[in-house]
Structures are given as structure tokens and as C-alpha cells.
Amino acid sequence: ALHARNDAAPRARLSAWINLAEGLRAHYTDLGELARDKLRRAHAISSAGRLMPLQAQSAAWLAHVAHWRMEVDGVVHYAGEALRLAAPDDHAARSRACLVVARSFDEAGRADLARPWFERGHRHATTEGDDATLSSMLWNRAAAGLAQLRQQACLGVPDPGAADRVRLSAESSERLDAGLGIQSLQALHPVLRARLLTETGAHAKALALFEAKLDDALAQGMGGMAAALLADQAWCRVQVGSADAALADARLAEARLNDAHGSGKRAPAHSRLVEVFGALDRPDDAARHAQFAMIAWQELVADQARMLTALGRLTPEGVRA
């Protein structure tokens with residue numbers, strides 16, 4: 001109905017709102033490319049029309065998409081723009097921008113620097129009554145914690161308390177969604193749980209979750225994580241004695257490595273495939289992935305350093321000159 005009204009007599013404000021709404025709907029359906037396209041349109045229209053609240057909101061969401069793709073410059077550019085343009089009481093834009101910055105610090109291994117940004121984001125989301133953002137904060141903290149747990153394990157610097165912290169965040173996020181009746185991206189919670197169970201050695205339980213929910217998660221936008229998720233599933237199959245199925249999953253994981261955006265998604269996949277192929281007595285495959293894993297982890301450490309440097313320019317008011 002809104003499209004019909006606006007097509008008859010186009011107005012910039014309504015056009016921007018429609019694109020923003022459709023972008024968010026697409027994001028919470030499958031995290032796909034349509035979301036970024038719609039958000040870019042909302043941003044361009046609101047920028048041209050000098051509609052600063054809409055520009056701030058669309059910039060905050062473009063920062064979110066940039067973070068999902070590990071695009072450091074996009075995170076800083078769009079988050080800084082959102083924080084610069086958003087009014088002090090524009091809680092929607094500020095909560096989302098703060099969440100993006102917090103998650104970026106978290107994934108760069110600096111939970112101490114992430115904490116004040118999470119607190120700002122939580123304060124804005126609570127004031128707004130934005131349950132979806134509060135849920136996203138919890139899920140993102142759990143996901144970032146799991147990524148850090150995996151990195152520490154692969155690089156030989158394990159944190160004994162990390163798994164419990166991730167579990168607490170994941171359970172809190174899942175309970176909040178259940179209590180609020182949030183229905184979007186339903187497969188993400190069980191797959192996050194499966195990944196944590198894999199990391200902590202509960203392979204049979206993890207495999208049951210992967211078998212039930214992995215296809216749904218990939219359809220809901222986790223295609224960029226397909227290689228790592230399939231590699232984890234293969235490892236679980238190894239542990240329960242299903243060697244043929246494990247090899248099939250490992251080959252599928254290899255085929256999906258090109259979908260992995262960024263070293264943070266490639267490195268854990270390669271490391272897990274080293275374990276899988278080693279257990280399946282395929283030393284040549286294991287050695288090949290060991291080489292790729294070493295390179296990818298080195299790239300990730302460099303990416304994290306670059307992210308920290310870039311994020312250091314951000315303040316709650318925007319980007320430092």
C-alpha cells in the first residue's frame with residue numbers, strides 16, 4: 001500500500017523509510033545481499049534529501065552490514081556517520097551504531113574496550129524499548145566470545161573460563177528471544193549452541209543440532225560461515241564414528257571456502273579441516289589445510305590490529321579528525 005501511494009507521487013522521506021523497512025525485513029529474514037541494497041538506497045535518498053535522522057539510521061545499519069562482512073573501513077565510516085548525525089535522543093540509530101562498534105572491539109580481542117560501547121548501546125536500546133536490539137546484543141556477545149574461544153584454542157592460548165562465559169551469553173540471548181516471542185533468524189541460536197558444544201567436546205549433542213538446523217541457518221544468511229560450520233559437523237561425525245559422512249562434509253566444507261568472507265571465517269574452517277583429515281588418515285589434505293590455516297590466522301591477527309587502529313578514531317560523537 002505504501003509503495004502504491006509513493007509510486008503515484010514520490011516523496012523522499014517515504015521512499016527512504018520504505019527502503020529502510022525493506023532492508024531490515026531482508027536482513028532479519030536471510031542476512032542477504034538484498035538487505036544491503038535496500039539500506040544503501042535508504043541512505044542515498046535520505047542523504048540527498050538532508051533527512052538526517054533517516055540518514056543516521058541507515059548509516060548505522062550499513063555499519064552493521066559492513067561488520068558482518070568484516071569491512072573495516074565501512075564499519076568506521078558508517079558508524080562514525082551515524083554517531084555524528086544522530087541526535088542525543090535518537091536511540092535507534094545510536095544503539096545500533098554502538099552495538100557495531102562494541103562487536104568490532106570484541107572480535108578484535110578487546111572486550112575491555114567493547115564494554116563501554118555495549119553499555120551505551122544497552123542504555124539507548126532500553127530507553128527506546130528496542131527488544132530486538134537488546135536480543136542482538138546478547139547474541140552478538142555470545143558469537144564474538146565463541147570466535148575468540150576458537151581462536152585461542154587454535155593458537156594455543158586457551159582461556160579456561162571462556163566457554164562458560166559464552167554459554168551464559170548464549171543462554172541469556174535464547175531465553176530473551178523466547179520470552180519476547182522474537183521469531184527472526186530462528187536457526188542461529190541452535191547452531192551457535194552446536195558450535196559451542198563442538199568446541200567443548202559434546203559431539204553427539206552438537207551433531208544432533210547441526211543435523212536439525214544447519215540447512216536452515218545457511219538459508220537464513222550464514223552462508224559465509226558454511227565452510228566452518230560444515231567442518232565442525234564433519235568433526236562431530238568423526239567423533240561418533242561416521243567416517244564416510246565426515247569425509248563428505250569435509251569436502252562440502254572445502255567447496256564452500258570461497259563463500260567465507262574474511263580471515264575470521266576461513267581460519268577456523270581450515271583448522272578444523274586439519275583435525276578432520278588427520279583423523280580420517282588423509283595426511284596430504286591435512287597438511288594442505290594446515291598451511292592455509294597458518295596463513296589465515298596470521299591474516300586474522302593483522303586484521304584485528306587494523307580494526308583496533310581504525311576503531312580508535314571513533315567517539316560517541318563520530319570520527320576524530
# chains A, B, ... in the order shown; residues from 1 in each chain; ligands from 1

call {"tool": "residues_around", "arguments": {"residues": "Thr127 in chain A", "least_positions_apart": "6", "cutoff": "12 Å", "atoms": "only C-alpha atoms", "output": "PyMOL selection string"}}
result
chain A and resi 88-92+94-95+120-121+133-134

call {"tool": "write_last_selection", "arguments": {"atoms": "C-alpha atoms", "output": "PDB file, in the first residue's frame"}}
result
ATOM      1  CA  PRO A  88      21.285  12.554  21.536  1.00  0.00           C
ATOM      2  CA  ASP A  89      17.791  11.058  21.866  1.00  0.00           C
ATOM      3  CA  ASP A  90      17.935   9.144  18.562  1.00  0.00           C
ATOM      4  CA  HIS A  91      18.144   5.875  20.452  1.00  0.00           C
ATOM      5  CA  ALA A  92      17.511   3.630  17.445  1.00  0.00           C
ATOM      6  CA  ARG A  94      22.793   5.247  18.440  1.00  0.00           C
ATOM      7  CA  SER A  95      22.045   1.802  19.890  1.00  0.00           C
ATOM      8  CA  ARG A 120      25.964   2.818  25.721  1.00  0.00           C
ATOM      9  CA  GLY A 121      24.086   0.672  23.244  1.00  0.00           C
ATOM     10  CA  THR A 133      18.480  -4.756  19.613  1.00  0.00           C
ATOM     11  CA  LEU A 134      18.769  -6.000  23.205  1.00  0.00           C
TER      12      LEU A 134
END

call {"tool": "residues_around", "arguments": {"residues": "Leu34 in chain A", "least_positions_apart": "5", "cutoff": "8 Å", "atoms": "only C-alpha atoms", "output": "compact mmCIF listing (two decimals) with N, CA and C atoms, in the first residue's frame"}}
result
# COMPACT_ATOMS: atom_id res chain seq x y z
N GLY A 23 14.87 -3.15 3.86
CA GLY A 23 16.22 -3.61 4.17
C GLY A 23 16.28 -4.38 5.47
N ALA A 26 14.61 -7.76 5.04
CA ALA A 26 15.51 -8.69 4.35
C ALA A 26 16.62 -9.17 5.27
N HIS A 27 17.16 -8.26 6.08
CA HIS A 27 18.25 -8.62 6.99
C HIS A 27 17.79 -9.67 7.98

call {"tool": "closest_residue", "arguments": {"among": "A:Pro160, A:Pro190, A:Pro116, A:Gly241", "to": "Glu174 in chain A", "atoms": "only C-alpha atoms"}}
result
A:Pro190

call {"tool": "residues_around", "arguments": {"residues": "His289 in chain A", "least_positions_apart": "3", "cutoff": "6 Å", "atoms": "only C-alpha atoms", "output": "count of residues only"}}
result
5

call {"tool": "residues_around", "arguments": {"residues": "range 170-172 of chain A", "least_positions_apart": "3", "cutoff": "9 Å", "atoms": "only C-alpha atoms", "output": "NGL selection string"}}
result
:A and (135 or 138-143 or 165-167 or 175-177 or 189 or 192-193)

call {"tool": "closest_residue", "arguments": {"among": "A:Leu207, A:Ala44, A:Ala87, A:Ala219", "to": "Ala187 in chain A", "atoms": "only C-alpha atoms"}}
result
A:Ala219

call {"tool": "select_by_dssp", "arguments": {"residues": "range 88-283 of chain A", "states": "helix (DSSP H, G or I)", "output": "ChimeraX atom specification"}}
result
/A:91-107,111-128,131-154,162-180,188-200,203-219,222-239,243-255,257-259,263-279,283

call {"tool": "closest_atom_pairs", "arguments": {"of": "range 258-277 of chain A", "to": "range 152-155 of chain A", "cutoff": "12 Å", "atoms": "only C-alpha atoms", "output": "tab-separated table"}}
result
residue	atom	partner	partner_atom	distance
A:Ala267	CA	A:Cys154	CA	9.1
A:Pro268	CA	A:Cys154	CA	7.8
A:Ala269	CA	A:Cys154	CA	10.8
A:His270	CA	A:Cys154	CA	10.4
A:Ser271	CA	A:Cys154	CA	7.1
A:Arg272	CA	A:Cys154	CA	9.0
A:Val274	CA	A:Cys154	CA	10.9
A:Glu275	CA	A:Cys154	CA	10.9

call {"tool": "write_last_selection", "arguments": {"atoms": "C-alpha atoms", "output": "PDB file, in the first residue's frame"}}
result
ATOM      1  CA  ALA A 267      40.886 -19.647   9.624  1.00  0.00           C
ATOM      2  CA  PRO A 268      38.666 -21.764  11.908  1.00  0.00           C
ATOM      3  CA  ALA A 269      37.418 -23.748   8.912  1.00  0.00           C
ATOM      4  CA  HIS A 270      40.951 -24.651   7.805  1.00  0.00           C
ATOM      5  CA  SER A 271      41.992 -25.548  11.363  1.00  0.00           C
ATOM      6  CA  ARG A 272      39.010 -27.836  11.823  1.00  0.00           C
ATOM      7  CA  VAL A 274      43.219 -30.234   9.604  1.00  0.00           C
ATOM      8  CA  GLU A 275      41.720 -32.200  12.501  1.00  0.00           C
TER       9      GLU A 275
END

call {"tool": "closest_residue", "arguments": {"among": "A:Val238, A:Arg320, A:Gln151, A:Ile295", "to": "Leu280 in chain A", "atoms": "only C-alpha atoms"}}
result
A:Val238

call {"tool": "closest_residue", "arguments": {"among": "A:Thr126, A:Ser242, A:Gln57, A:Ser263", "to": "Arg40 in chain A", "atoms": "only C-alpha atoms"}}
result
A:Gln57

call {"tool": "atom_distance", "arguments": {"atom1": "CA of Trp117 in chain A", "atom2": "CA of Glu317 in chain A"}}
result
12.3 Å

call {"tool": "closest_residue", "arguments": {"among": "A:Gly109, A:Gly181, A:Gly80, A:Pro316", "to": "Leu146 in chain A", "atoms": "only C-alpha atoms"}}
result
A:Gly109

call {"tool": "residues_around", "arguments": {"residues": "range 251-260 of chain A", "least_positions_apart": "4", "cutoff": "6 Å", "atoms": "only C-alpha atoms", "output": "PyMOL selection string"}}
result
chain A and resi 224+227+230-231+265-266

call {"tool": "write_last_selection", "arguments": {"atoms": "N, CA, C and O atoms", "output": "mmCIF file, in the first residue's frame"}}
result
data_model
loop_
_atom_site.group_PDB
_atom_site.id
_atom_site.type_symbol
_atom_site.label_atom_id
_atom_site.label_comp_id
_atom_site.auth_asym_id
_atom_site.auth_seq_id
_atom_site.Cartn_x
_atom_site.Cartn_y
_atom_site.Cartn_z
ATOM 1 N N GLY A 224 28.217 -17.390 4.612
ATOM 2 C CA GLY A 224 29.612 -17.019 4.772
ATOM 3 C C GLY A 224 30.330 -17.861 5.807
ATOM 4 O O GLY A 224 31.563 -17.934 5.815
ATOM 5 N N ALA A 227 31.622 -22.985 5.427
ATOM 6 C CA ALA A 227 32.806 -23.846 5.492
ATOM 7 C C ALA A 227 33.125 -24.238 6.930
ATOM 8 O O ALA A 227 33.375 -25.419 7.229
ATOM 9 N N LEU A 230 30.243 -26.589 8.333
ATOM 10 C CA LEU A 230 30.317 -27.938 7.782
ATOM 11 C C LEU A 230 31.550 -28.678 8.307
ATOM 12 O O LEU A 230 31.504 -29.893 8.534
ATOM 13 N N ALA A 231 32.649 -27.950 8.495
ATOM 14 C CA ALA A 231 33.847 -28.579 9.063
ATOM 15 C C ALA A 231 33.586 -29.036 10.496
ATOM 16 O O ALA A 231 34.015 -30.122 10.902
ATOM 17 N N LYS A 265 36.528 -16.072 9.140
ATOM 18 C CA LYS A 265 35.671 -17.201 8.776
ATOM 19 C C LYS A 265 36.471 -18.327 8.136
ATOM 20 O O LYS A 265 36.097 -19.494 8.241
ATOM 21 N N ARG A 266 37.585 -17.993 7.461
ATOM 22 C CA ARG A 266 38.398 -19.026 6.822
ATOM 23 C C ARG A 266 39.278 -19.773 7.817
ATOM 24 O O ARG A 266 39.406 -20.990 7.757
#

call {"tool": "atom_distance", "arguments": {"atom1": "CA of Leu113 in chain A", "atom2": "CA of Val301 in chain A"}}
result
17.1 Å

call {"tool": "closest_residue", "arguments": {"among": "A:Val191, A:His3, A:Phe277, A:Asp131", "to": "Gln220 in chain A", "atoms": "only C-alpha atoms"}}
result
A:Val191

call {"tool": "residues_around", "arguments": {"residues": "Asp303 in chain A", "least_positions_apart": "4", "cutoff": "10 Å", "atoms": "only C-alpha atoms", "output": "ChimeraX atom specification"}}
result
/A:70-72,108,262-264,297-299,307-309

call {"tool": "write_last_selection", "arguments": {"atoms": "N, CA and C atoms", "output": "mmCIF file, in the first residue's frame"}}
result
data_model
loop_
_atom_site.group_PDB
_atom_site.id
_atom_site.type_symbol
_atom_site.label_atom_id
_atom_site.label_comp_id
_atom_site.auth_asym_id
_atom_site.auth_seq_id
_atom_site.Cartn_x
_atom_site.Cartn_y
_atom_site.Cartn_z
ATOM 1 N N MET A 70 33.095 -8.009 7.593
ATOM 2 C CA MET A 70 34.457 -7.710 8.020
ATOM 3 C C MET A 70 35.105 -6.636 7.156
ATOM 4 N N GLU A 71 34.337 -5.594 6.799
ATOM 5 C CA GLU A 71 34.847 -4.470 6.017
ATOM 6 C C GLU A 71 35.185 -3.331 6.983
ATOM 7 N N VAL A 72 36.435 -3.276 7.373
ATOM 8 C CA VAL A 72 36.874 -2.361 8.436
ATOM 9 C C VAL A 72 36.547 -0.914 8.098
ATOM 10 N N ALA A 108 37.995 -8.080 17.849
ATOM 11 C CA ALA A 108 39.424 -7.767 17.784
ATOM 12 C C ALA A 108 40.143 -8.177 19.060
ATOM 13 N N GLY A 262 36.486 -12.999 4.642
ATOM 14 C CA GLY A 262 37.378 -12.591 5.716
ATOM 15 C C GLY A 262 38.098 -13.760 6.369
ATOM 16 N N SER A 263 39.267 -13.440 6.906
ATOM 17 C CA SER A 263 40.108 -14.442 7.548
ATOM 18 C C SER A 263 39.441 -15.042 8.775
ATOM 19 N N GLY A 264 38.586 -14.280 9.441
ATOM 20 C CA GLY A 264 37.921 -14.776 10.640
ATOM 21 C C GLY A 264 36.988 -15.930 10.373
ATOM 22 N N TRP A 297 45.218 -17.503 9.993
ATOM 23 C CA TRP A 297 45.287 -16.976 11.363
ATOM 24 C C TRP A 297 46.203 -15.756 11.429
ATOM 25 N N GLN A 298 47.300 -15.792 10.665
ATOM 26 C CA GLN A 298 48.178 -14.618 10.622
ATOM 27 C C GLN A 298 47.431 -13.414 10.040
ATOM 28 N N GLU A 299 46.645 -13.657 9.000
ATOM 29 C CA GLU A 299 45.853 -12.578 8.401
ATOM 30 C C GLU A 299 44.835 -12.048 9.397
ATOM 31 N N MET A 307 41.708 -3.320 12.638
ATOM 32 C CA MET A 307 40.409 -2.925 13.165
ATOM 33 C C MET A 307 40.579 -2.071 14.420
ATOM 34 N N LEU A 308 41.476 -2.473 15.302
ATOM 35 C CA LEU A 308 41.701 -1.700 16.533
ATOM 36 C C LEU A 308 42.198 -0.296 16.222
ATOM 37 N N THR A 309 43.111 -0.191 15.280
ATOM 38 C CA THR A 309 43.623 1.121 14.897
ATOM 39 C C THR A 309 42.508 1.997 14.343
#

call {"tool": "decode", "arguments": {"residues": "range 163-281 of chain A", "atoms": "C-alpha atoms", "output": "PDB file, in the first residue's frame"}}
result
ATOM      1  CA  ALA A 163      33.415 -21.490  27.387  1.00  0.00           C
ATOM      2  CA  ASP A 164      31.308 -20.768  30.466  1.00  0.00           C
ATOM      3  CA  ARG A 165      31.078 -17.079  29.560  1.00  0.00           C
ATOM      4  CA  VAL A 166      29.980 -17.921  26.023  1.00  0.00           C
ATOM      5  CA  ARG A 167      27.422 -20.408  27.315  1.00  0.00           C
ATOM      6  CA  LEU A 168      25.944 -17.832  29.680  1.00  0.00           C
ATOM      7  CA  SER A 169      25.648 -15.237  26.900  1.00  0.00           C
ATOM      8  CA  ALA A 170      24.104 -17.751  24.507  1.00  0.00           C
ATOM      9  CA  GLU A 171      21.566 -18.978  27.051  1.00  0.00           C
ATOM     10  CA  SER A 172      20.645 -15.412  28.017  1.00  0.00           C
ATOM     11  CA  SER A 173      20.086 -14.485  24.381  1.00  0.00           C
ATOM     12  CA  GLU A 174      17.956 -17.563  23.712  1.00  0.00           C
ATOM     13  CA  ARG A 175      15.839 -17.031  26.832  1.00  0.00           C
ATOM     14  CA  LEU A 176      15.272 -13.387  25.985  1.00  0.00           C
ATOM     15  CA  ASP A 177      14.114 -14.243  22.457  1.00  0.00           C
ATOM     16  CA  ALA A 178      11.799 -16.931  23.792  1.00  0.00           C
ATOM     17  CA  GLY A 179      10.359 -14.591  26.396  1.00  0.00           C
ATOM     18  CA  LEU A 180       9.791 -11.806  23.881  1.00  0.00           C
ATOM     19  CA  GLY A 181       8.491 -14.094  21.156  1.00  0.00           C
ATOM     20  CA  ILE A 182      11.165 -12.995  18.665  1.00  0.00           C
ATOM     21  CA  GLN A 183      10.810 -15.165  15.562  1.00  0.00           C
ATOM     22  CA  SER A 184      13.528 -13.891  13.190  1.00  0.00           C
ATOM     23  CA  LEU A 185      16.561 -15.986  12.210  1.00  0.00           C
ATOM     24  CA  GLN A 186      15.431 -18.862  14.426  1.00  0.00           C
ATOM     25  CA  ALA A 187      18.213 -21.251  13.380  1.00  0.00           C
ATOM     26  CA  LEU A 188      21.003 -19.025  14.676  1.00  0.00           C
ATOM     27  CA  HIS A 189      20.564 -19.963  18.342  1.00  0.00           C
ATOM     28  CA  PRO A 190      20.741 -23.760  17.967  1.00  0.00           C
ATOM     29  CA  VAL A 191      23.674 -23.519  15.550  1.00  0.00           C
ATOM     30  CA  LEU A 192      25.560 -21.269  17.967  1.00  0.00           C
ATOM     31  CA  ARG A 193      24.859 -23.852  20.672  1.00  0.00           C
ATOM     32  CA  ALA A 194      26.081 -26.637  18.362  1.00  0.00           C
ATOM     33  CA  ARG A 195      29.342 -24.782  17.712  1.00  0.00           C
ATOM     34  CA  LEU A 196      29.937 -24.333  21.436  1.00  0.00           C
ATOM     35  CA  LEU A 197      29.163 -27.998  22.117  1.00  0.00           C
ATOM     36  CA  THR A 198      31.644 -28.954  19.393  1.00  0.00           C
ATOM     37  CA  GLU A 199      34.298 -26.787  20.999  1.00  0.00           C
ATOM     38  CA  THR A 200      33.682 -28.292  24.456  1.00  0.00           C
ATOM     39  CA  GLY A 201      33.619 -31.914  23.297  1.00  0.00           C
ATOM     40  CA  ALA A 202      29.883 -32.734  23.416  1.00  0.00           C
ATOM     41  CA  HIS A 203      29.986 -34.010  19.845  1.00  0.00           C
ATOM     42  CA  ALA A 204      26.873 -36.189  19.754  1.00  0.00           C
ATOM     43  CA  LYS A 205      24.682 -33.374  21.081  1.00  0.00           C
ATOM     44  CA  ALA A 206      26.287 -30.907  18.683  1.00  0.00           C
ATOM     45  CA  LEU A 207      25.743 -33.232  15.731  1.00  0.00           C
ATOM     46  CA  ALA A 208      22.037 -33.585  16.523  1.00  0.00           C
ATOM     47  CA  LEU A 209      21.671 -29.801  16.438  1.00  0.00           C
ATOM     48  CA  PHE A 210      23.676 -29.443  13.232  1.00  0.00           C
ATOM     49  CA  GLU A 211      21.581 -32.104  11.514  1.00  0.00           C
ATOM     50  CA  ALA A 212      18.367 -30.419  12.608  1.00  0.00           C
ATOM     51  CA  LYS A 213      19.258 -26.762  11.978  1.00  0.00           C
ATOM     52  CA  LEU A 214      22.331 -26.293   9.789  1.00  0.00           C
ATOM     53  CA  ASP A 215      20.431 -26.166   6.485  1.00  0.00           C
ATOM     54  CA  ASP A 216      18.047 -23.572   7.959  1.00  0.00           C
ATOM     55  CA  ALA A 217      20.953 -21.483   9.244  1.00  0.00           C
ATOM     56  CA  LEU A 218      22.644 -21.490   5.839  1.00  0.00           C
ATOM     57  CA  ALA A 219      19.354 -20.454   4.216  1.00  0.00           C
ATOM     58  CA  GLN A 220      18.971 -17.630   6.754  1.00  0.00           C
ATOM     59  CA  GLY A 221      22.187 -15.932   5.759  1.00  0.00           C
ATOM     60  CA  MET A 222      25.019 -17.867   7.392  1.00  0.00           C
ATOM     61  CA  GLY A 223      26.415 -18.923   4.019  1.00  0.00           C
ATOM     62  CA  GLY A 224      29.612 -17.019   4.772  1.00  0.00           C
ATOM     63  CA  MET A 225      30.126 -19.393   7.715  1.00  0.00           C
ATOM     64  CA  ALA A 226      29.241 -22.526   5.715  1.00  0.00           C
ATOM     65  CA  ALA A 227      32.806 -23.846   5.492  1.00  0.00           C
ATOM     66  CA  ALA A 228      33.423 -23.551   9.231  1.00  0.00           C
ATOM     67  CA  LEU A 229      30.012 -24.978  10.151  1.00  0.00           C
ATOM     68  CA  LEU A 230      30.317 -27.938   7.782  1.00  0.00           C
ATOM     69  CA  ALA A 231      33.847 -28.579   9.063  1.00  0.00           C
ATOM     70  CA  ASP A 232      32.517 -28.616  12.633  1.00  0.00           C
ATOM     71  CA  GLN A 233      29.779 -31.023  11.596  1.00  0.00           C
ATOM     72  CA  ALA A 234      32.393 -33.234   9.924  1.00  0.00           C
ATOM     73  CA  TRP A 235      34.451 -33.260  13.144  1.00  0.00           C
ATOM     74  CA  CYS A 236      31.381 -34.302  15.135  1.00  0.00           C
ATOM     75  CA  ARG A 237      30.769 -37.140  12.680  1.00  0.00           C
ATOM     76  CA  VAL A 238      34.377 -38.275  13.106  1.00  0.00           C
ATOM     77  CA  GLN A 239      33.888 -38.378  16.851  1.00  0.00           C
ATOM     78  CA  VAL A 240      30.750 -40.530  16.648  1.00  0.00           C
ATOM     79  CA  GLY A 241      32.350 -42.938  14.161  1.00  0.00           C
ATOM     80  CA  SER A 242      30.689 -41.845  10.890  1.00  0.00           C
ATOM     81  CA  ALA A 243      33.842 -41.612   8.772  1.00  0.00           C
ATOM     82  CA  ASP A 244      32.205 -41.651   5.328  1.00  0.00           C
ATOM     83  CA  ALA A 245      29.707 -38.921   6.252  1.00  0.00           C
ATOM     84  CA  ALA A 246      32.530 -36.927   7.850  1.00  0.00           C
ATOM     85  CA  LEU A 247      34.558 -37.052   4.635  1.00  0.00           C
ATOM     86  CA  ALA A 248      31.531 -35.954   2.604  1.00  0.00           C
ATOM     87  CA  ASP A 249      31.007 -32.964   4.939  1.00  0.00           C
ATOM     88  CA  ALA A 250      34.701 -32.097   4.791  1.00  0.00           C
ATOM     89  CA  ARG A 251      34.604 -31.993   1.011  1.00  0.00           C
ATOM     90  CA  LEU A 252      31.497 -29.818   1.134  1.00  0.00           C
ATOM     91  CA  ALA A 253      33.302 -27.512   3.553  1.00  0.00           C
ATOM     92  CA  GLU A 254      36.212 -27.213   1.140  1.00  0.00           C
ATOM     93  CA  ALA A 255      33.797 -26.350  -1.667  1.00  0.00           C
ATOM     94  CA  ARG A 256      32.289 -23.531   0.415  1.00  0.00           C
ATOM     95  CA  LEU A 257      35.573 -21.867   1.407  1.00  0.00           C
ATOM     96  CA  ASN A 258      35.155 -19.336  -1.385  1.00  0.00           C
ATOM     97  CA  ASP A 259      31.979 -18.116   0.362  1.00  0.00           C
ATOM     98  CA  ALA A 260      33.925 -17.292   3.529  1.00  0.00           C
ATOM     99  CA  HIS A 261      34.310 -13.505   3.687  1.00  0.00           C
ATOM    100  CA  GLY A 262      37.378 -12.591   5.716  1.00  0.00           C
ATOM    101  CA  SER A 263      40.108 -14.442   7.548  1.00  0.00           C
ATOM    102  CA  GLY A 264      37.921 -14.776  10.640  1.00  0.00           C
ATOM    103  CA  LYS A 265      35.671 -17.201   8.776  1.00  0.00           C
ATOM    104  CA  ARG A 266      38.398 -19.026   6.822  1.00  0.00           C
ATOM    105  CA  ALA A 267      40.886 -19.647   9.624  1.00  0.00           C
ATOM    106  CA  PRO A 268      38.666 -21.764  11.908  1.00  0.00           C
ATOM    107  CA  ALA A 269      37.418 -23.748   8.912  1.00  0.00           C
ATOM    108  CA  HIS A 270      40.951 -24.651   7.805  1.00  0.00           C
ATOM    109  CA  SER A 271      41.992 -25.548  11.363  1.00  0.00           C
ATOM    110  CA  ARG A 272      39.010 -27.836  11.823  1.00  0.00           C
ATOM    111  CA  LEU A 273      39.662 -29.499   8.467  1.00  0.00           C
ATOM    112  CA  VAL A 274      43.219 -30.234   9.604  1.00  0.00           C
ATOM    113  CA  GLU A 275      41.720 -32.200  12.501  1.00  0.00           C
ATOM    114  CA  VAL A 276      39.135 -33.935  10.337  1.00  0.00           C
ATOM    115  CA  PHE A 277      41.520 -35.037   7.609  1.00  0.00           C
ATOM    116  CA  GLY A 278      44.098 -36.069  10.188  1.00  0.00           C
ATOM    117  CA  ALA A 279      41.552 -38.292  11.932  1.00  0.00           C
ATOM    118  CA  LEU A 280      40.486 -39.743   8.572  1.00  0.00           C
ATOM    119  CA  ASP A 281      44.120 -40.654   7.766  1.00  0.00           C
TER     120      ASP A 281
END
